[in-house]
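Engineer: One structure follows; several queries about it will come next.
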Amino acid sequence: MNRLTTSWGTFPLTRFPEDPRDQLRAWDAADEYLLNHLAETGTDLSGTVAVVGDRWGALVTALAAAGPGELVQISDSYLGRSATAENLARSGAGAAEVRLSTTQDPPPERVDVLLVRVPKSLALLEDQLHRLAPAVHENTVVVGTGMVKEIHTSTLALFERILGTTRTSLAVKKARLVHTTPEVREAGANPWPYRYDLPADAPAGLAGRTVVNQAGVFCADRLDIGTRFFLRNLPRGLGRSRVVDLGCGNGVVGLAVALAEPEAELLFTDESYQAVASAEENFAAHAGNGGRKADFLVGDGLADLAPGSVDLVLSNPPFHSHQATTDRTARRMFADARRALRPGGELRVVGNRHLGYHATLRRIFGGCELVASDPKFVVLRAVKRG
């Protein structure tokens, strides 16, 4: 556990779920730069302070100690919100001191200070700025923060087009601030959520179907090649199996199973509120006729599922945690899948060849098999023994 020192105190912070072996901190120089700026400029925090994209709660935990009038965190990440709750509790902040909202919740009606941790997804930034623009007034203090590599010309253009005149700060420890002067004007229509038709050669009964993607969901404007390859190599003849689309994104993998396997019981789960909302809408549009139901869960992978309760887990695991490239998320997903699977149950995954998932699966399951491969991707299956 590391400690973040600010003008309002020193706070022990961790990511979620806490792992003593994890060397990644729950904050970085961009978070420090923003907090130092607010303290040094004496920014008035007595009104409504909205914090967007606070990755592990470092900003909110420090600001809760500063005593703003109303503090609201807006996050797309279940893991990030869980980390925030734990870090706030660890710091002694009461649960009522901060409103932990998701990107799917209505934004505050008025925002006096808007703080934005620039996300990896430009689409998610665009969507959130559009959603918050009506709450911003001419005296709102708007400050964004991010590492230099995260703030591009396109980032600044979004702030300027949607909220007002924008400039950047000098870099400090490879981090920058984004300063925007709000202008009360029409920001234009929010293009999110985005809808598109799957291509005519899309496999697994998906050809030509219209799907919806909320902002920030992976590959929001097309069917990515990894998922396309996975769809060609899904198991068949599942009967009444309980099937999980783990890390479901917009849910096209689980949707393909639902269309091909009318008796299968489907669970779509992701740590992104935007992703699960997309999956739920796509299922309702294409597989919900006749009262067909599925379960949708925003959570920490399969952590909330009972052991031995699942027959098949399908996954295209992420290999980034914000800007960090890591297989930590995939390893946890594989371990959770093994616990949730019944004896004889199967985990089937797709991944880039270079990620070496076969070695990880052999450690966790005791073995794995190659289902299919091409020059870029592999599909692997691992069966839970005994």
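We name chains A, B, ... following the order of the structure tokens; residues begin at 1 in each chain, and ligands are numbered from 1 as shown.
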Can you tell me which residues surround Thr5 of chain A at a distance of at most 9 Å, considering only C-alpha atoms, apart from same-chain residues fewer than 6 positions away, and format the answer as a PDB file with N, CA, C and O atoms, in the first residue's frame?

Structural biologist:
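Below is the file result.pdb, written as the result:
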```pdb
ATOM      1  N   PHE A  11      -2.803   9.978   2.482  1.00  0.00           N
ATOM      2  CA  PHE A  11      -3.833   8.963   2.336  1.00  0.00           C
ATOM      3  C   PHE A  11      -3.247   7.648   1.826  1.00  0.00           C
ATOM      4  O   PHE A  11      -2.559   7.644   0.795  1.00  0.00           O
ATOM      5  N   PRO A  12      -3.497   6.548   2.537  1.00  0.00           N
ATOM      6  CA  PRO A  12      -3.096   5.228   2.019  1.00  0.00           C
ATOM      7  C   PRO A  12      -4.067   4.806   0.929  1.00  0.00           C
ATOM      8  O   PRO A  12      -5.281   4.761   1.143  1.00  0.00           O
ATOM      9  N   GLU A  32      -1.486  14.078  -8.904  1.00  0.00           N
ATOM     10  CA  GLU A  32      -0.758  14.974  -8.003  1.00  0.00           C
ATOM     11  C   GLU A  32      -0.771  16.406  -8.526  1.00  0.00           C
ATOM     12  O   GLU A  32      -0.971  17.359  -7.757  1.00  0.00           O
ATOM     13  N   ALA A  62      -8.754  12.521  -1.633  1.00  0.00           N
ATOM     14  CA  ALA A  62      -8.089  13.737  -1.158  1.00  0.00           C
ATOM     15  C   ALA A  62      -9.074  14.890  -1.031  1.00  0.00           C
ATOM     16  O   ALA A  62      -9.061  15.629  -0.034  1.00  0.00           O
TER      17      ALA A  62
END
```

Engineer: Per residue of segment 293-369 of chain A within 9 Å of segment 225-238 of chain A, record the nearest atom pair and its distance in Å to one decimal, counting only C-alpha atoms, with rows in chain order and ascending residue number, as CSV.

Structural biologist:
```
residue,atom,partner,partner_atom,distance
A:Leu312,CA,A:Leu238,CA,8.8
A:Leu314,CA,A:Leu234,CA,8.4
A:Asn316,CA,A:Thr227,CA,7.3
A:Arg348,CA,A:Leu234,CA,8.1
A:Val349,CA,A:Phe230,CA,7.9
A:Val350,CA,A:Phe230,CA,6.0
A:Gly351,CA,A:Gly226,CA,7.1
A:Asn352,CA,A:Gly226,CA,7.9
```

Engineer: Output the selection as a compact mmCIF listing (two decimals), in the first residue's frame - N, CA and C atoms for each residue.

Structural biologist:
```txt
# COMPACT_ATOMS: atom_id res chain seq x y z
N LEU A 312 -19.85 -22.88 -19.21
CA LEU A 312 -18.96 -22.37 -20.25
C LEU A 312 -18.71 -20.89 -20.02
N LEU A 314 -16.80 -17.66 -21.97
CA LEU A 314 -16.21 -17.16 -23.21
C LEU A 314 -15.62 -15.78 -22.94
N ASN A 316 -12.73 -12.52 -24.38
CA ASN A 316 -11.67 -11.85 -25.12
C ASN A 316 -11.06 -10.86 -24.15
N ARG A 348 -13.16 -20.75 -22.82
CA ARG A 348 -12.65 -20.58 -24.18
C ARG A 348 -12.32 -19.10 -24.38
N VAL A 349 -11.10 -18.82 -24.82
CA VAL A 349 -10.63 -17.44 -24.95
C VAL A 349 -10.00 -17.21 -26.31
N VAL A 350 -10.00 -15.94 -26.71
CA VAL A 350 -9.26 -15.51 -27.89
C VAL A 350 -8.26 -14.46 -27.44
N GLY A 351 -7.11 -14.45 -28.09
CA GLY A 351 -6.09 -13.46 -27.73
C GLY A 351 -5.03 -13.35 -28.81
N ASN A 352 -4.31 -12.24 -28.79
CA ASN A 352 -3.17 -12.11 -29.68
C ASN A 352 -2.14 -13.19 -29.38
```

Engineer: Extract, using only C-alpha atoms, all DNA, RNA and protein residues at most 10 Å from Gly386 of chain A, discarding same-chain residues fewer than 3 positions from it, and format them as an mmCIF file with N, CA and C atoms, in the first residue's frame.

Structural biologist:
```cif
data_model
loop_
_atom_site.group_PDB
_atom_site.id
_atom_site.type_symbol
_atom_site.label_atom_id
_atom_site.label_comp_id
_atom_site.auth_asym_id
_atom_site.auth_seq_id
_atom_site.Cartn_x
_atom_site.Cartn_y
_atom_site.Cartn_z
ATOM 1 N N ARG A 342 -18.100 -25.575 -13.322
ATOM 2 C CA ARG A 342 -18.337 -26.904 -12.761
ATOM 3 C C ARG A 342 -17.238 -27.839 -13.259
ATOM 4 N N PRO A 343 -17.013 -28.971 -12.619
ATOM 5 C CA PRO A 343 -16.065 -29.947 -13.154
ATOM 6 C C PRO A 343 -16.462 -30.359 -14.571
ATOM 7 N N GLY A 344 -15.513 -30.302 -15.481
ATOM 8 C CA GLY A 344 -15.794 -30.577 -16.879
ATOM 9 C C GLY A 344 -16.193 -29.349 -17.672
ATOM 10 N N GLY A 345 -16.404 -28.223 -16.982
ATOM 11 C CA GLY A 345 -16.757 -26.974 -17.660
ATOM 12 C C GLY A 345 -15.564 -26.390 -18.396
ATOM 13 N N VAL A 383 -10.228 -26.870 -19.785
ATOM 14 C CA VAL A 383 -11.310 -27.591 -19.107
ATOM 15 C C VAL A 383 -10.964 -27.791 -17.650
#
```

Engineer: Counting only C-alpha atoms, figure out which residue out of A:Glu183, A:Glu271, A:Asp54, A:Asp311 gets nearest to Gly299 of chain A.

Structural biologist: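 Of A:Glu183, A:Glu271, A:Asp54, A:Asp311, the one nearest Gly299 of chain A, counting only C-alpha atoms, is A:Glu271.
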
Engineer: Any idea what's packed within 6 Å of Ala264 of chain A, counting only C-alpha atoms, ignoring anything in its chain fewer than 5 positions away? Could you give it as a PDB file with all heavy atoms, in the first residue's frame?

Structural biologist:
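Everything below was put into part_7.pdb:
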```pdb
ATOM      1  N   GLY A 239     -27.052 -26.869 -25.561  1.00  0.00           N
ATOM      2  CA  GLY A 239     -28.250 -27.260 -24.824  1.00  0.00           C
ATOM      3  C   GLY A 239     -28.642 -26.240 -23.778  1.00  0.00           C
ATOM      4  O   GLY A 239     -28.719 -25.040 -24.041  1.00  0.00           O
ATOM      5  N   ARG A 240     -28.835 -26.715 -22.537  1.00  0.00           N
ATOM      6  CA  ARG A 240     -29.255 -25.838 -21.445  1.00  0.00           C
ATOM      7  C   ARG A 240     -28.069 -25.321 -20.623  1.00  0.00           C
ATOM      8  O   ARG A 240     -28.222 -24.952 -19.463  1.00  0.00           O
ATOM      9  CB  ARG A 240     -30.233 -26.570 -20.527  1.00  0.00           C
ATOM     10  CG  ARG A 240     -31.525 -26.979 -21.216  1.00  0.00           C
ATOM     11  CD  ARG A 240     -32.462 -27.703 -20.259  1.00  0.00           C
ATOM     12  NE  ARG A 240     -33.700 -28.097 -20.905  1.00  0.00           N
ATOM     13  CZ  ARG A 240     -34.759 -27.308 -21.032  1.00  0.00           C
ATOM     14  NH1 ARG A 240     -34.731 -26.079 -20.535  1.00  0.00           N
ATOM     15  NH2 ARG A 240     -35.847 -27.736 -21.646  1.00  0.00           N
ATOM     16  N   SER A 241     -26.912 -25.269 -21.195  1.00  0.00           N
ATOM     17  CA  SER A 241     -25.716 -24.825 -20.470  1.00  0.00           C
ATOM     18  C   SER A 241     -25.864 -23.389 -19.979  1.00  0.00           C
ATOM     19  O   SER A 241     -26.523 -22.553 -20.606  1.00  0.00           O
ATOM     20  CB  SER A 241     -24.487 -24.907 -21.378  1.00  0.00           C
ATOM     21  OG  SER A 241     -24.237 -26.229 -21.765  1.00  0.00           O
TER      22      SER A 241
END
```

Engineer: Pick the closest to Glu97 of chain A from A:Leu177, A:Asp22, A:Cys219, A:Ala65: which is it, counting only C-alpha atoms?

Structural biologist: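 Ranked by minimum distance to Glu97 of chain A, first place goes to A:Ala65.
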
Engineer: Using only C-alpha atoms, pick whichever of A:Glu369, A:Asp28, A:Asp19, A:Glu281 has the shortest atom-to-atom distance to Arg3 of chain A.

Structural biologist: A:Asp28

Engineer: So, with only C-alpha atoms as the atoms that count, which of A:Thr180, A:Thr168, A:Ser278, A:Thr48 lies closest to Val111 of chain A?

Structural biologist: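 Going through A:Thr180, A:Thr168, A:Ser278, A:Thr48 one by one, the smallest distance to Val111 of chain A is for A:Thr48.
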